file run18.cif (mmCIF, C-alpha atoms)
data_model
loop_
_atom_site.label_atom_id
_atom_site.label_comp_id
_atom_site.auth_asym_id
_atom_site.auth_seq_id
_atom_site.Cartn_x
_atom_site.Cartn_y
_atom_site.Cartn_z
CA MET Z 1 56.14 48.10 45.04
CA LEU Z 2 59.93 47.66 45.11
CA ASP Z 3 59.59 44.25 46.77
CA LYS Z 4 57.28 43.13 43.95
CA ILE Z 5 59.75 44.31 41.31
CA ILE Z 6 62.57 42.37 43.02
CA LEU Z 7 60.31 39.31 43.25
CA ALA Z 8 59.37 39.68 39.56
CA ILE Z 9 63.06 39.64 38.61
CA LEU Z 10 63.69 36.68 40.92
CA VAL Z 11 60.83 34.45 39.62
CA SER Z 12 61.63 35.38 36.02
CA ALA Z 13 65.28 34.38 36.52
CA ILE Z 14 64.36 31.14 38.33
CA SER Z 15 61.86 30.09 35.66
CA PHE Z 16 64.17 30.94 32.76
CA PHE Z 17 67.35 29.38 34.12
CA SER Z 18 65.69 26.23 35.52
CA VAL Z 19 64.51 25.34 32.01
CA TYR Z 20 67.67 26.62 30.35
CA ILE Z 21 69.87 24.45 32.61
CA THR Z 22 67.73 21.31 32.99
CA THR Z 23 66.70 20.86 29.33
CA PRO Z 24 70.18 19.76 28.05
CA PHE Z 25 70.24 17.08 30.79
CA LEU Z 26 66.73 16.01 29.81
CA ILE Z 27 67.80 15.79 26.15
CA LYS Z 28 70.74 13.55 27.07
CA GLY Z 29 68.55 11.39 29.32
CA LEU Z 30 65.88 10.94 26.66
CA GLU Z 31 68.49 10.08 24.00
CA LYS Z 32 70.07 7.54 26.35
CA ARG Z 33 66.70 5.84 26.89
CA ASN Z 34 65.98 6.04 23.16
CA LEU Z 35 62.89 8.18 23.74
CA THR Z 36 63.05 9.93 20.39
CA VAL Z 37 60.63 10.55 17.52
CA LYS Z 38 61.24 11.22 13.85
CA ASP Z 39 61.11 14.82 12.62
CA TYR Z 40 59.38 14.24 9.28
CA ASN Z 41 59.93 17.81 8.10
CA ARG Z 42 63.71 17.55 8.25
CA ILE Z 43 65.88 16.19 5.44
CA GLY Z 44 66.89 12.68 6.43
CA GLY Z 45 64.23 12.61 9.19
CA ALA Z 46 66.38 13.33 12.26
CA MET Z 47 65.41 11.64 15.53
CA VAL Z 48 64.45 14.23 18.15
CA PRO Z 49 64.10 13.56 21.93
CA ARG Z 50 60.58 13.86 23.39
CA PRO Z 51 58.95 14.89 25.74
CA GLY Z 52 60.31 18.17 27.09
CA GLY Z 53 57.44 18.51 29.56
CA PRO Z 54 59.50 17.61 32.66
CA SER Z 55 61.90 20.55 32.31
CA ILE Z 56 58.96 22.90 31.60
CA LEU Z 57 57.21 21.72 34.77
CA VAL Z 58 60.42 22.08 36.82
CA GLY Z 59 60.72 25.72 35.70
CA ILE Z 60 57.08 26.49 36.47
CA LEU Z 61 57.01 24.80 39.87
CA ALA Z 62 60.38 26.22 41.00
CA SER Z 63 59.34 29.78 40.24
CA GLU Z 64 55.71 29.53 41.41
CA PHE Z 65 56.84 27.86 44.65
CA THR Z 66 59.30 30.72 45.27
CA LEU Z 67 56.46 33.15 44.69
CA TYR Z 68 54.24 31.13 47.03
CA ILE Z 69 56.79 31.48 49.86
CA PHE Z 70 56.47 35.27 49.65
CA PHE Z 71 52.75 35.40 48.72
CA PRO Z 72 50.99 32.27 49.97
CA THR Z 73 47.74 32.69 48.01
CA SER Z 74 45.24 30.08 46.82
CA GLU Z 75 45.63 31.41 43.28
CA ILE Z 76 49.29 30.36 43.11
CA LEU Z 77 48.37 27.01 44.65
CA ALA Z 78 45.69 26.52 41.98
CA ILE Z 79 48.22 27.36 39.26
CA MET Z 80 50.70 24.79 40.61
CA ILE Z 81 48.18 21.97 41.16
CA THR Z 82 46.23 22.30 37.91
CA THR Z 83 49.40 22.73 35.84
CA SER Z 84 50.93 19.63 37.47
CA LEU Z 85 47.79 17.59 36.82
CA ALA Z 86 47.78 18.68 33.17
CA PHE Z 87 51.43 17.60 32.98
CA VAL Z 88 50.48 14.13 34.28
CA VAL Z 89 47.72 13.90 31.63
CA GLY Z 90 50.27 14.85 28.98
CA MET Z 91 52.82 12.33 30.25
CA ILE Z 92 50.23 9.54 30.07
CA ASP Z 93 49.39 10.60 26.52
CA ASP Z 94 53.09 10.74 25.61
CA ARG Z 95 53.57 7.17 26.80
CA LYS Z 96 50.34 5.51 25.64
CA VAL Z 97 48.13 5.95 22.59
CA LEU Z 98 44.76 6.97 24.01
CA GLY Z 99 41.43 7.91 22.44
CA GLY Z 100 40.57 11.43 21.27
CA TRP Z 101 38.26 11.96 24.28
CA PHE Z 102 40.86 11.07 26.96
CA LYS Z 103 42.65 14.42 26.98
CA PRO Z 104 39.60 16.73 27.14
CA VAL Z 105 38.02 14.68 29.95
CA ALA Z 106 41.25 14.31 31.96
CA LEU Z 107 42.05 18.01 31.54
CA ALA Z 108 38.54 18.91 32.69
CA ILE Z 109 39.25 16.95 35.87
CA SER Z 110 42.55 18.87 36.23
CA ALA Z 111 40.49 22.06 36.51
CA VAL Z 112 38.68 20.87 39.66
CA PRO Z 113 41.30 22.35 42.11
CA ILE Z 114 40.48 25.83 40.78
CA ILE Z 115 36.86 25.31 41.86
CA LEU Z 116 37.74 23.61 45.17
CA LEU Z 117 40.14 26.40 46.12
CA GLY Z 118 37.55 29.00 45.14
CA THR Z 119 40.05 30.94 43.07
CA TYR Z 120 37.60 32.17 40.48
CA ASN Z 121 35.34 35.17 40.22
CA SER Z 122 32.00 34.41 38.59
CA HIS Z 123 32.00 37.78 36.77
CA LEU Z 124 32.91 37.57 33.11
CA SER Z 125 34.34 40.89 31.91
CA PHE Z 126 33.97 42.14 28.35
CA PRO Z 127 35.58 45.21 26.79
CA LEU Z 128 33.41 48.35 26.46
CA PHE Z 129 30.26 46.75 27.94
CA GLY Z 130 31.30 45.82 31.50
CA SER Z 131 30.83 42.46 33.19
CA VAL Z 132 28.16 39.87 33.69
CA ARG Z 133 27.72 37.60 36.73
CA ILE Z 134 27.20 33.97 35.77
CA PRO Z 135 27.69 31.92 38.98
CA GLU Z 136 26.51 28.48 37.78
CA LEU Z 137 27.66 28.91 34.21
CA TYR Z 138 31.10 30.09 35.29
CA VAL Z 139 31.87 26.77 37.01
CA ALA Z 140 31.14 25.06 33.68
CA LEU Z 141 33.39 27.63 31.99
CA VAL Z 142 36.26 26.74 34.37
CA ILE Z 143 35.86 23.03 33.58
CA PHE Z 144 35.69 23.83 29.85
CA MET Z 145 38.56 26.34 29.70
CA ILE Z 146 41.49 24.10 30.75
CA PRO Z 147 40.83 21.41 28.08
CA VAL Z 148 40.37 24.18 25.49
CA THR Z 149 43.61 26.05 26.23
CA GLY Z 150 45.56 22.81 26.73
CA ASN Z 151 44.42 21.23 23.49
CA THR Z 152 44.66 24.52 21.58
CA ILE Z 153 48.38 24.83 22.38
CA ASN Z 154 48.84 21.13 21.69
CA SER Z 155 47.20 21.50 18.28
CA ILE Z 156 49.70 24.13 17.10
CA ASP Z 157 52.66 22.02 18.18
CA VAL Z 158 53.16 20.87 14.60
CA LEU Z 159 56.38 22.61 13.56
CA ASN Z 160 59.76 23.21 15.20
CA GLY Z 161 59.52 25.96 17.83
CA VAL Z 162 55.95 27.00 17.11
CA ALA Z 163 54.25 25.95 20.39
CA SER Z 164 56.92 27.44 22.68
CA GLY Z 165 57.41 30.56 20.52
CA PHE Z 166 53.67 31.16 20.30
CA MET Z 167 53.27 30.66 24.05
CA THR Z 168 56.11 33.12 24.76
CA ILE Z 169 54.36 35.84 22.75
CA ALA Z 170 50.84 35.12 24.08
CA SER Z 171 51.87 34.84 27.73
CA PHE Z 172 53.84 38.09 27.72
CA ALA Z 173 50.79 39.77 26.17
CA LEU Z 174 48.74 38.30 29.03
CA THR Z 175 51.23 39.66 31.61
CA ILE Z 176 51.09 43.15 30.03
CA SER Z 177 47.27 42.96 30.01
CA LEU Z 178 47.21 41.96 33.69
CA PHE Z 179 49.35 45.00 34.47
CA ILE Z 180 47.01 47.23 32.45
CA ILE Z 181 43.98 46.07 34.46
CA HIS Z 182 46.00 46.52 37.71
CA ASN Z 183 46.01 42.83 38.66
CA TYR Z 184 49.65 42.93 39.75
CA ASP Z 185 49.71 39.73 41.83
CA ILE Z 186 48.57 37.49 38.98
CA ALA Z 187 50.77 39.46 36.56
CA LEU Z 188 53.66 38.39 38.76
CA ALA Z 189 52.44 34.79 38.77
CA SER Z 190 52.15 34.85 34.96
CA LEU Z 191 55.79 35.86 34.39
CA PRO Z 192 57.14 32.28 34.76
CA LEU Z 193 54.98 31.05 31.86
CA GLY Z 194 56.59 33.52 29.45
CA PHE Z 195 60.13 32.90 30.67
CA VAL Z 196 59.75 29.11 30.77
CA SER Z 197 58.43 29.18 27.19
CA LEU Z 198 61.26 31.49 26.10
CA ALA Z 199 63.95 29.26 27.65
CA PHE Z 200 62.39 26.14 26.13
CA TYR Z 201 62.19 27.89 22.73
CA LYS Z 202 65.98 28.02 22.69
CA TYR Z 203 66.04 24.21 22.34
CA HIS Z 204 62.73 23.82 20.50
CA LYS Z 205 63.34 26.37 17.70
CA PHE Z 206 64.29 25.15 14.21
CA PRO Z 207 66.16 22.78 14.06
CA SER Z 208 64.63 21.35 17.23
CA ARG Z 209 66.86 19.59 19.76
CA ILE Z 210 63.80 18.50 21.76
CA PHE Z 211 60.02 18.35 21.29
CA PRO Z 212 57.70 19.41 24.14
CA GLY Z 213 55.36 16.47 23.53
CA ASP Z 214 51.85 16.39 24.97
CA SER Z 215 53.24 16.84 28.49
CA GLY Z 216 54.97 20.09 27.51
CA ALA Z 217 52.19 21.52 25.36
CA LEU Z 218 49.41 20.65 27.82
CA THR Z 219 51.42 22.03 30.75
CA LEU Z 220 51.89 25.36 28.96
CA GLY Z 221 48.28 25.49 27.73
CA ALA Z 222 46.76 24.53 31.08
CA MET Z 223 48.84 27.10 32.98
CA TYR Z 224 47.71 29.74 30.49
CA GLY Z 225 44.09 28.72 31.14
CA VAL Z 226 44.46 28.87 34.93
CA LEU Z 227 46.05 32.31 34.70
CA ALA Z 228 43.12 33.49 32.59
CA ILE Z 229 40.66 32.27 35.23
CA VAL Z 230 42.43 33.38 38.42
CA GLY Z 231 43.41 36.69 36.80
CA HIS Z 232 39.83 37.32 35.55
CA VAL Z 233 41.14 37.93 32.03
CA GLU Z 234 39.30 35.14 30.20
CA ILE Z 235 38.35 37.22 27.14
CA ILE Z 236 41.78 38.89 26.88
CA ALA Z 237 43.44 35.46 27.10
CA ALA Z 238 41.16 34.08 24.39
CA VAL Z 239 42.03 37.01 22.09
CA ALA Z 240 45.79 36.49 22.52
CA LEU Z 241 45.27 32.85 21.57
CA LEU Z 242 43.14 33.58 18.47
CA PRO Z 243 45.48 32.14 15.78
CA ALA Z 244 45.66 28.87 17.73
CA VAL Z 245 41.89 28.95 18.32
CA MET Z 246 41.50 29.52 14.58
CA ASN Z 247 43.66 26.47 13.88
CA SER Z 248 41.46 24.30 16.13
CA PHE Z 249 38.32 25.81 14.59
CA LEU Z 250 39.50 25.16 11.01
CA PHE Z 251 40.52 21.62 11.94
CA LEU Z 252 37.26 20.77 13.73
CA SER Z 253 35.07 22.38 11.07
CA SER Z 254 36.79 20.33 8.36
CA VAL Z 255 36.94 16.93 10.15
CA LYS Z 256 33.65 17.57 12.03
CA ARG Z 257 34.55 15.48 15.11
CA ILE Z 258 37.07 15.35 17.97
CA ILE Z 259 40.01 13.20 16.88
CA GLU Z 260 43.72 12.99 17.55
CA HIS Z 261 46.11 14.33 14.90
CA ARG Z 262 47.64 10.87 14.56
CA GLN Z 263 44.23 9.52 13.48
CA ILE Z 264 44.17 11.70 10.36
CA LYS Z 265 44.55 9.59 7.26
CA SER Z 266 45.28 12.42 4.79
CA ASN Z 267 48.11 14.76 5.69
CA PRO Z 268 47.31 18.47 5.14
CA VAL Z 269 50.95 19.25 4.32
CA THR Z 270 53.44 17.56 2.01
CA HIS Z 271 57.01 18.28 0.80
CA THR Z 272 58.48 19.65 -2.41
CA ASP Z 273 61.59 18.12 -3.99
CA ASP Z 274 63.78 20.67 -2.17
CA PHE Z 275 62.02 19.70 1.11
CA LYS Z 276 59.96 22.85 1.49
CA LEU Z 277 56.49 22.49 3.01
CA MET Z 278 53.61 22.55 0.55
CA ALA Z 279 49.81 22.43 1.02
CA THR Z 280 48.38 19.14 -0.17
CA THR Z 281 45.67 19.00 -2.84
CA ASP Z 282 44.01 16.05 -1.07
CA LYS Z 283 40.32 16.97 -0.63
CA ASP Z 284 40.02 14.69 2.44
CA ALA Z 285 42.89 16.35 4.30
CA PRO Z 286 41.81 18.70 7.11
CA VAL Z 287 42.10 22.47 6.72
CA THR Z 288 44.67 23.76 9.22
CA LEU Z 289 46.42 27.08 9.85
CA VAL Z 290 49.65 25.74 8.33
CA ARG Z 291 47.80 24.50 5.24
CA LEU Z 292 46.20 27.93 4.75
CA ILE Z 293 49.56 29.68 5.14
CA LEU Z 294 51.04 27.31 2.56
CA ALA Z 295 48.13 27.83 0.15
CA GLU Z 296 50.06 30.83 -1.22
CA GLY Z 297 52.99 28.62 -2.15
CA PRO Z 298 55.69 26.36 -0.68
CA MET Z 299 57.74 27.68 2.24
CA THR Z 300 60.45 26.40 4.52
CA GLU Z 301 59.44 25.24 8.01
CA LYS Z 302 61.22 28.27 9.48
CA GLN Z 303 59.27 30.67 7.24
CA VAL Z 304 55.91 29.12 8.20
CA GLY Z 305 56.92 29.43 11.86
CA PHE Z 306 57.62 33.14 11.43
CA VAL Z 307 54.22 33.73 9.77
CA ILE Z 308 52.60 32.07 12.82
CA PHE Z 309 54.68 34.27 15.14
CA LYS Z 310 53.54 37.38 13.21
CA LEU Z 311 49.94 36.23 13.71
CA ALA Z 312 50.66 35.68 17.42
CA LEU Z 313 52.07 39.22 17.66
CA PHE Z 314 49.00 40.59 15.89
CA SER Z 315 46.57 38.79 18.22
CA SER Z 316 48.69 39.82 21.22
CA LEU Z 317 48.33 43.46 20.18
CA LEU Z 318 44.57 42.90 19.91
CA ALA Z 319 44.62 41.36 23.41
CA ILE Z 320 46.48 44.38 24.83
CA ALA Z 321 43.99 46.67 23.03
CA THR Z 322 41.18 44.62 24.61
CA ALA Z 323 42.76 45.12 28.06
CA CYS Z 324 42.86 48.88 27.45
CA MET Z 325 39.20 48.77 26.34
CA MET Z 326 38.27 47.10 29.65
CA GLU Z 327 38.77 50.49 31.29
CA ILE Z 328 36.30 52.14 28.87
CA LYS Z 329 32.52 51.74 29.36
CA ILE Z 330 29.92 52.73 26.78
CA MET Q 1 51.86 40.85 2.76
CA LYS Q 2 51.76 37.05 2.92
CA GLY Q 3 48.64 35.52 4.44
CA ILE Q 4 46.74 38.83 4.73
CA GLN Q 5 43.44 36.89 4.72
CA ILE Q 6 44.49 35.05 7.87
CA PHE Q 7 45.14 38.35 9.67
CA LEU Q 8 41.74 39.55 8.45
CA PHE Q 9 40.10 36.39 9.79
CA VAL Q 10 41.74 36.84 13.22
CA PHE Q 11 40.52 40.45 13.23
CA VAL Q 12 36.96 39.33 12.35
CA MET Q 13 37.09 36.80 15.21
CA TRP Q 14 38.08 39.60 17.59
CA ILE Q 15 35.21 41.85 16.42
CA LEU Q 16 32.75 38.96 16.82
CA ILE Q 17 33.96 38.38 20.41
CA ILE Q 18 33.41 42.05 21.30
CA VAL Q 19 29.99 42.19 19.61
CA GLY Q 20 28.96 38.89 21.26
CA GLY Q 21 30.03 40.23 24.66
CA GLY Q 22 28.05 43.40 24.06
CA LEU Q 23 24.90 41.39 23.22
CA LEU Q 24 25.39 39.21 26.30
CA ILE Q 25 25.80 42.13 28.70
CA SER Q 26 23.39 44.70 27.33
CA ILE Q 27 20.52 42.44 26.21
CA ILE Q 28 20.66 38.96 27.75
CA ALA Q 29 22.09 39.66 31.24
CA PRO Q 30 19.46 42.27 32.28
CA MET Q 31 16.58 39.88 31.40
CA THR Q 32 14.72 38.47 34.42
CA ILE Q 33 12.23 35.63 34.65
CA SER Q 34 9.81 35.71 37.58
CA GLY Q 35 6.44 34.34 38.65
CA TYR Q 36 7.46 30.68 38.92
CA GLY Q 37 8.20 30.68 42.67
CA LYS Q 38 11.24 28.75 43.89
CA ILE Q 39 12.42 27.79 40.42
CA ASP Q 40 12.74 31.44 39.28
CA SER Q 41 16.53 31.57 39.65
CA ILE Q 42 17.08 28.15 38.04
CA LEU Q 43 14.79 29.04 35.15
CA ASP Q 44 16.44 32.44 34.78
CA SER Q 45 19.96 30.93 34.65
CA GLY Q 46 18.82 28.08 32.39
CA VAL Q 47 17.21 30.38 29.82
CA LYS Q 48 20.26 32.69 29.84
CA ALA Q 49 22.61 29.72 29.46
CA LEU Q 50 20.49 28.42 26.57
CA ILE Q 51 20.55 31.81 24.82
CA ALA Q 52 24.32 32.01 25.40
CA MET Q 53 24.74 28.55 23.84
CA ILE Q 54 22.59 29.54 20.86
CA LEU Q 55 24.76 32.65 20.49
CA VAL Q 56 27.89 30.47 20.49
CA ILE Q 57 26.37 28.26 17.75
CA VAL Q 58 25.45 31.37 15.73
CA TRP Q 59 29.03 32.64 16.31
CA ILE Q 60 30.52 29.39 14.99
CA PHE Q 61 28.11 29.35 12.02
CA THR Q 62 28.93 32.98 11.15
CA LEU Q 63 32.64 32.30 11.48
CA SER Q 64 32.31 29.28 9.24
CA LYS Q 65 30.59 31.37 6.54
CA ILE Q 66 33.19 34.13 6.86
CA LYS Q 67 35.94 31.51 6.66
CA ASN Q 68 34.52 30.18 3.38
CA TRP Q 69 34.26 33.72 2.02
CA ILE Q 70 37.73 34.89 3.10
CA PHE Q 71 39.56 31.70 2.12
CA LYS Q 72 37.55 30.96 -1.05
CA LYS Q 73 40.69 30.91 -3.18
CA GLN Q 74 42.75 28.85 -0.75
CA ILE Q 75 40.00 26.29 -0.12
CA LYS Q 76 39.48 25.87 -3.88
CA ASN Q 77 43.20 25.18 -4.23
#
call {"tool": "encode", "arguments": {"input": "run18.cif", "output": "C-alpha cells"}}
result
Amino acid sequence: MLDKIILAILVSAISFFSVYITTPFLIKGLEKRNLTVKDYNRIGGAMVPRPGGPSILVGILASEFTLYIFFPTSEILAIMITTSLAFVVGMIDDRKVLGGWFKPVALAISAVPIILLGTYNSHLSFPLFGSVRIPELYVALVIFMIPVTGNTINSIDVLNGVASGFMTIASFALTISLFIIHNYDIALASLPLGFVSLAFYKYHKFPSRIFPGDSGALTLGAMYGVLAIVGHVEIIAAVALLPAVMNSFLFLSSVKRIIEHRQIKSNPVTHTDDFKLMATTDKDAPVTLVRLILAEGPMTEKQVGFVIFKLALFSSLLAIATACMMEIKI
Amino acid sequence: MKGIQIFLFVFVMWILIIVGGGLLISIIAPMTISGYGKIDSILDSGVKALIAMILVIVWIFTLSKIKNWIFKKQIKN
C-alpha cells in the first residue's frame, strides 16, 4: 500500500508541475506566432493565446507514462492512446473550421483503442440495484461515451476558467468514488486528470492568460470518459458531470440539432453598460446553463463561474453519494 | 440562494438516473426471449436494447417537461 501512496504523490506532482511549468512557455510561443483569440467578455476585448491543449497533454502523458513504468496495464495504455487521439481531433478543430458532425465521429473513432485493448467490463453498475451485463450494447456505449464526455466539457468552455475548474472538481470526485468502490489502480490513474486541470486552472481562471481550445477541452473530456469506462464507474462519472450534461441538454433541446457554437446566430448572453453578463431576450437564442444562471439578473463573469463551480461541487457530492450507494443492494 | 432551480434540476436528473437504472436491472434485464432457435440471443439483446432506447427517449421527454416546469419563469424572461 505504501508503494501506491508514494506513486500517487509522484504522479500527482509530475502532472501538476508539468502543466504549471510548460504553460507559460506555451503562452509565449502562441503569442509569438500570433495564435490568439479575442476574449469578448473582457473590457477592451483582450487577445488571449489558444490552444492550451499541448501543455495539458504533456502533463497527462508524463504522469501516465510514469505510472505505466511501475504498473504496465492495458488500462493505462488505453487512457494514453485515447486521450492523445482526442487531443489530435481537438488540434484539427482548433486549426480548421469543420462541420458539427466532425468532432463526434472523430472522437468515436478515438474510443476504438479501448475496445481493441479489451479494457472494458460489459457490466453496467447502478446504485442500489446492482449491475446488468450488456455485452453487445456496452461496445456501443464505449463508442458513444468518449464523444459525449469530450463534447460536454467542450460545451462548458464558454467563460474564463470554467472548463478547467469544473474538470478539477469532477475528476477529484471521480478519484474519491474510485477509492470508495476499492478500484485503487484506476483511482491512481485518475489523479493526473485532477492535478493537470488544477495546474491549468491557474492560467485559465479569470482573467485568462490562455484558453484550452478544443484540443484542451476534448483532451480533458476524453480522458474523463476513458477513466469512467476502464474504472467501471460510468454512472458515477455521469452524475459528477450533470451540470455540464444539463448545459448540453438545454442547448440541444432548444436548437434541436447538432451544431457548433460558432454556428449560432443569436447569442444567448449579452453585456450591460458596466460589462456584466446579462441573459439576452432574443427568442431565437439557445437556452444554456449560463443563460439560465443570468436569468436572475446580470452578473460578472467571475460570479457566473463561481455559480457553475457550486453546481459542480453539488453534483460531485451526488456522485460520491452514488459511489457509497453502490455498496448497498435493495 | 441564487439559481436554486438549477440545483433542483440537477437533483431531479440524479433521481431519474437512479430510477432508470432500477427499472433496467429489476425489470428489463431479467426478461428472456426463447423459442426462436439460433436467433434467441440476438433477439433477446435487440429487444432489450430497444426498450433501453425507448427508456432514454422517455427520460429525455420527462426531463424536458420538468425543465419547462422548473424554469417557467426564466424561460418566459
call {"tool": "interface_residues", "arguments": {"input": "run18.cif", "of": "chain Q", "to": "chain Z", "cutoff": "9 Å", "atoms": "all atoms listed in the file", "output": "VMD selection string"}}
result
chain Q and resid 2 to 3 6 to 7 9 to 11 13 to 14 17 to 18 21 to 26 29 45 49 60 64 67 71 73 to 75 77
call {"tool": "resolve_selection", "arguments": {"input": "run18.cif", "expression": "the PyMOL selection byres ((chain Q and resi 51) around 12)", "output": "list in words"}}
result
Gly20, Leu23, Leu24, Ile27, Ile28, Ala29, Met31, Asp44, Ser45, Gly46, Val47, Lys48, Ala49, Leu50, Ala52, Met53, Ile54, Leu55, Val56, Ile57 and Val58 of chain Q
call {"tool": "atom_distance", "arguments": {"input": "run18.cif", "atom1": "CA of Ile9 in chain Z", "atom2": "CA of Leu61 in chain Z"}}
result
16.1 Å
call {"tool": "closest_residue", "arguments": {"input": "run18.cif", "among": "Z:Arg42, Z:Leu227, Z:Lys32, Z:Val112", "to": "Asp185 in chain Z", "atoms": "all atoms listed in the file"}}
result
Z:Leu227
call {"tool": "resolve_selection", "arguments": {"input": "run18.cif", "expression": "the PyMOL selection byres ((chain Z and resi 73-77) around 12)", "output": "VMD selection string"}}
result
chain Z and resid 60 to 61 63 to 72 78 to 84 113 to 121 185 to 190 192 223 226 to 232
call {"tool": "atom_distance", "arguments": {"input": "run18.cif", "atom1": "CA of Ser254 in chain Z", "atom2": "CA of Leu16 in chain Q"}}
result
20.9 Å
call {"tool": "decode", "arguments": {"input": "run18.cif", "residues": "range 76-151 of chain Z", "atoms": "C-alpha atoms", "output": "compact mmCIF listing (two decimals), in the first residue's frame"}}
result
# COMPACT_ATOMS: atom_id res chain seq x y z
CA ILE Z 76 -3.21 2.97 -18.61
CA LEU Z 77 -2.28 2.34 -22.24
CA ALA Z 78 -5.92 2.88 -23.26
CA ILE Z 79 -6.01 6.14 -21.27
CA MET Z 80 -2.86 7.42 -23.02
CA ILE Z 81 -3.85 6.40 -26.56
CA THR Z 82 -7.49 7.55 -26.49
CA THR Z 83 -6.61 10.83 -24.77
CA SER Z 84 -3.87 11.51 -27.35
CA LEU Z 85 -6.24 10.76 -30.23
CA ALA Z 86 -8.85 13.13 -28.75
CA PHE Z 87 -6.11 15.77 -28.50
CA VAL Z 88 -5.35 15.33 -32.22
CA VAL Z 89 -9.07 15.73 -33.02
CA GLY Z 90 -9.13 18.91 -30.94
CA MET Z 91 -5.98 20.28 -32.60
CA ILE Z 92 -7.51 19.75 -36.05
CA ASP Z 93 -10.66 21.55 -34.89
CA ASP Z 94 -8.57 24.37 -33.39
CA ARG Z 95 -6.82 24.91 -36.72
CA LYS Z 96 -9.65 24.37 -39.21
CA VAL Z 97 -13.36 25.18 -39.15
CA LEU Z 98 -15.07 21.81 -39.51
CA GLY Z 99 -18.70 20.70 -39.55
CA GLY Z 100 -20.71 19.95 -36.41
CA TRP Z 101 -20.51 16.18 -37.08
CA PHE Z 102 -16.69 16.02 -37.38
CA LYS Z 103 -15.94 16.01 -33.66
CA PRO Z 104 -18.48 13.35 -32.54
CA VAL Z 105 -17.42 10.98 -35.35
CA ALA Z 106 -13.67 11.53 -34.87
CA LEU Z 107 -14.00 11.14 -31.09
CA ALA Z 108 -15.96 7.93 -31.58
CA ILE Z 109 -13.00 6.61 -33.58
CA SER Z 110 -10.69 7.69 -30.72
CA ALA Z 111 -12.56 5.26 -28.47
CA VAL Z 112 -11.60 2.23 -30.59
CA PRO Z 113 -8.33 1.50 -28.65
CA ILE Z 114 -10.41 0.90 -25.50
CA ILE Z 115 -12.25 -1.88 -27.34
CA LEU Z 116 -9.13 -3.28 -29.06
CA LEU Z 117 -7.23 -3.44 -25.77
CA GLY Z 118 -10.23 -5.07 -24.09
CA THR Z 119 -10.09 -2.67 -21.17
CA TYR Z 120 -13.81 -2.59 -20.52
CA ASN Z 121 -16.15 -4.68 -18.45
CA SER Z 122 -19.54 -5.22 -20.07
CA HIS Z 123 -21.32 -4.93 -16.70
CA LEU Z 124 -23.04 -1.62 -16.12
CA SER Z 125 -23.36 -0.92 -12.38
CA PHE Z 126 -26.19 1.10 -10.89
CA PRO Z 127 -26.58 2.23 -7.28
CA LEU Z 128 -28.92 0.20 -5.05
CA PHE Z 129 -29.98 -2.26 -7.78
CA GLY Z 130 -26.71 -3.98 -8.75
CA SER Z 131 -25.35 -4.45 -12.26
CA VAL Z 132 -26.53 -5.58 -15.65
CA ARG Z 133 -24.45 -7.38 -18.30
CA ILE Z 134 -24.84 -5.84 -21.74
CA PRO Z 135 -22.00 -7.28 -23.89
CA GLU Z 136 -23.06 -6.00 -27.35
CA LEU Z 137 -24.66 -2.81 -26.10
CA TYR Z 138 -21.62 -1.94 -23.98
CA VAL Z 139 -19.35 -1.71 -27.05
CA ALA Z 140 -21.79 0.86 -28.46
CA LEU Z 141 -21.70 2.64 -25.09
CA VAL Z 142 -17.88 2.86 -25.25
CA ILE Z 143 -18.05 4.38 -28.75
CA PHE Z 144 -20.77 6.78 -27.58
CA MET Z 145 -19.20 7.80 -24.26
CA ILE Z 146 -15.98 9.47 -25.49
CA PRO Z 147 -17.76 11.91 -27.88
CA VAL Z 148 -20.29 12.68 -25.13
CA THR Z 149 -17.75 13.46 -22.38
CA GLY Z 150 -15.43 15.28 -24.81
CA ASN Z 151 -18.14 17.49 -26.25
